[in-house]
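Written out below as structure tokens is the structure these notes cover.
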Amino acid sequence: MVDGDDTPKSGRHLWGWDDRGHVVGVAVTATSDRGAVPVHGSLAVHPGTFDPFTPGHLDLVARARVMFDQIIALVAVNADKQPTAEATTRAVNVRDAMPAAWGNVEVDTWTGLTAAYCLRRRATVIVRGVRTAADLRYEYQLAAMNEQLGIQTVWLPSRPQLAATSSTVARAYRSAQSARPSHSAGK
């Protein structure tokens with residue numbers, strides 16, 4: 001990412017380029033002597049199936065909540081996926097994972113396009129995590145479509161120590177753990 005400074009009043013812009021030279025990952029924040037502060041009145045949405053909500057998801061919300069006035073962790077209902085729990089149960093699990101002190105974080109559920117939810121709630125930013133170049137290529141396509149609707153996308157790279165754990169990996173681990181025979185069986 002490159003740090004550019006347009007004007008003192010507009011804040012700072014962070015950007016990068018994909019492998020075709022397209023500008024990606026634009027983020028706008030105000031700055032102060034303490035560093036980046038939330039843009040006043042900003043509302044961002046971090047969507048995901050959250051099946052389960054992983055430490056990587058929590059880390060993204062933690063970082064996003066200091067960039068924006070309010071962040072919504074949106075539990076997405078996707079007909080193409082077969083989650084292990086209902087959306088309301090997943091939403092409760094996400095809420096339970098959040099520290100009580102995070103007053104600017106909301107959890108909601110939605111069936112349909114994330115962009116439609118953002119338009120309904122007047123959110124202008126979608127926050128997405130990226131772990132790999134393949135993630136970025138996929139996310140770029142979604143971001144381009146959402147930008148046509150006036151919704152910007154901010155990508156936050158996964159921290160290296162959290163990048164290997166996806167919800168798919170977490171589900172597989174949980175399934176393997178439940179399938180293991182108990183050592184106390186037969187005693």
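Chain identifiers are assigned as A, B, and so on, following the order in which chains appear in the structure tokens; residues are numbered from 1 within each chain, and ligands are numbered from 1 in order of appearance.
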Name all residues at most 7 Å from region 58-75 of chain A (count only C-alpha atoms; drop same-chain ones fewer than 5 positions away) and give them as a ChimeraX atom specification.
/A:29,37-50,87,91,104-110,129
Residues within 6 Å of region 133-144 of chain A, only C-alpha atoms, excluding chain neighbours under 3 positions, as a ChimeraX atom specification
/A:130,147,153
Write the residues of the preceding selection, restricted to N, CA and C atoms, as a short mmCIF file (atom, residue, chain, number, x, y, z; two decimals), in the first residue's frame.
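Result file follows (selection27.cif):
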data_model
loop_
_atom_site.label_atom_id
_atom_site.label_comp_id
_atom_site.auth_asym_id
_atom_site.auth_seq_id
_atom_site.Cartn_x
_atom_site.Cartn_y
_atom_site.Cartn_z
N VAL A 130 -8.72 -10.00 3.28
CA VAL A 130 -8.10 -10.78 2.20
C VAL A 130 -6.91 -11.54 2.77
N GLU A 147 -19.08 -0.58 -6.25
CA GLU A 147 -18.73 0.81 -6.48
C GLU A 147 -19.73 1.48 -7.43
N THR A 153 -15.25 -0.32 -1.13
CA THR A 153 -14.76 -1.50 -0.42
C THR A 153 -13.38 -1.20 0.14
#
As an exercise, work out the distance from CA of Arg121 (chain A) to CA of Trp102 (chain A) in Å and give it to one decimal place.
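According to the coordinates, CA of Arg121 (chain A) and CA of Trp102 (chain A) are separated by 19.7 Å.
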For Gly112 (chain A), which residue out of A:Thr132, A:Asn78, A:Asn93, A:Thr84 is the nearest one, using only C-alpha atoms?
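Closest candidate: A:Asn78.
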CA of Met145 (chain A) and CA of Ala115 (chain A) are how many Å apart?
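So the answer is 9.1 Å.
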Just how far from CA of Asp51 (chain A) is CA of Ala101 (chain A), in Å to one decimal?
23.7 Å
For the structure I just gave you, how does DSSP split region 98-132 of chain A - specifically, which residues are strand (DSSP E)? Reply as a ChimeraX atom specification.
/A:105-111,125-130
Keeping only N, CA, C and O atoms, take the residues you just selected and write them out as a PDB file, in the first residue's frame.
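That gives us result-v2.pdb:
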ATOM      1  N   VAL A 105     -19.999  -1.341  17.620  1.00  0.00           N
ATOM      2  CA  VAL A 105     -20.138  -2.531  16.783  1.00  0.00           C
ATOM      3  C   VAL A 105     -21.538  -3.099  16.966  1.00  0.00           C
ATOM      4  O   VAL A 105     -22.001  -3.294  18.084  1.00  0.00           O
ATOM      5  N   GLU A 106     -22.186  -3.332  15.854  1.00  0.00           N
ATOM      6  CA  GLU A 106     -23.534  -3.908  15.832  1.00  0.00           C
ATOM      7  C   GLU A 106     -23.456  -5.229  15.077  1.00  0.00           C
ATOM      8  O   GLU A 106     -22.620  -5.405  14.197  1.00  0.00           O
ATOM      9  N   VAL A 107     -24.339  -6.160  15.406  1.00  0.00           N
ATOM     10  CA  VAL A 107     -24.433  -7.424  14.680  1.00  0.00           C
ATOM     11  C   VAL A 107     -25.844  -7.511  14.119  1.00  0.00           C
ATOM     12  O   VAL A 107     -26.821  -7.222  14.814  1.00  0.00           O
ATOM     13  N   ASP A 108     -25.945  -7.881  12.851  1.00  0.00           N
ATOM     14  CA  ASP A 108     -27.240  -7.987  12.194  1.00  0.00           C
ATOM     15  C   ASP A 108     -27.202  -9.177  11.250  1.00  0.00           C
ATOM     16  O   ASP A 108     -26.133  -9.717  10.962  1.00  0.00           O
ATOM     17  N   THR A 109     -28.373  -9.596  10.771  1.00  0.00           N
ATOM     18  CA  THR A 109     -28.466 -10.665   9.784  1.00  0.00           C
ATOM     19  C   THR A 109     -29.159 -10.120   8.541  1.00  0.00           C
ATOM     20  O   THR A 109     -29.939  -9.160   8.624  1.00  0.00           O
ATOM     21  N   TRP A 110     -28.878 -10.753   7.393  1.00  0.00           N
ATOM     22  CA  TRP A 110     -29.470 -10.278   6.141  1.00  0.00           C
ATOM     23  C   TRP A 110     -29.479 -11.397   5.114  1.00  0.00           C
ATOM     24  O   TRP A 110     -28.490 -12.105   4.951  1.00  0.00           O
ATOM     25  N   THR A 111     -30.591 -11.517   4.432  1.00  0.00           N
ATOM     26  CA  THR A 111     -30.716 -12.422   3.307  1.00  0.00           C
ATOM     27  C   THR A 111     -30.749 -11.564   2.052  1.00  0.00           C
ATOM     28  O   THR A 111     -31.612 -10.699   1.924  1.00  0.00           O
ATOM     29  N   VAL A 125     -19.481   1.927   3.015  1.00  0.00           N
ATOM     30  CA  VAL A 125     -18.240   1.149   2.952  1.00  0.00           C
ATOM     31  C   VAL A 125     -18.514  -0.296   3.346  1.00  0.00           C
ATOM     32  O   VAL A 125     -19.230  -0.560   4.319  1.00  0.00           O
ATOM     33  N   ILE A 126     -17.917  -1.212   2.576  1.00  0.00           N
ATOM     34  CA  ILE A 126     -17.895  -2.626   2.932  1.00  0.00           C
ATOM     35  C   ILE A 126     -16.455  -2.956   3.304  1.00  0.00           C
ATOM     36  O   ILE A 126     -15.527  -2.613   2.563  1.00  0.00           O
ATOM     37  N   VAL A 127     -16.264  -3.594   4.441  1.00  0.00           N
ATOM     38  CA  VAL A 127     -14.932  -4.001   4.902  1.00  0.00           C
ATOM     39  C   VAL A 127     -14.798  -5.499   4.665  1.00  0.00           C
ATOM     40  O   VAL A 127     -15.639  -6.278   5.122  1.00  0.00           O
ATOM     41  N   ARG A 128     -13.748  -5.872   3.945  1.00  0.00           N
ATOM     42  CA  ARG A 128     -13.500  -7.280   3.657  1.00  0.00           C
ATOM     43  C   ARG A 128     -12.057  -7.622   4.018  1.00  0.00           C
ATOM     44  O   ARG A 128     -11.161  -6.797   3.882  1.00  0.00           O
ATOM     45  N   GLY A 129     -11.856  -8.833   4.455  1.00  0.00           N
ATOM     46  CA  GLY A 129     -10.518  -9.329   4.718  1.00  0.00           C
ATOM     47  C   GLY A 129     -10.006 -10.095   3.517  1.00  0.00           C
ATOM     48  O   GLY A 129     -10.785 -10.741   2.819  1.00  0.00           O
ATOM     49  N   VAL A 130      -8.715  -9.999   3.277  1.00  0.00           N
ATOM     50  CA  VAL A 130      -8.098 -10.782   2.202  1.00  0.00           C
ATOM     51  C   VAL A 130      -6.908 -11.537   2.774  1.00  0.00           C
ATOM     52  O   VAL A 130      -6.120 -10.997   3.542  1.00  0.00           O
TER      53      VAL A 130
END
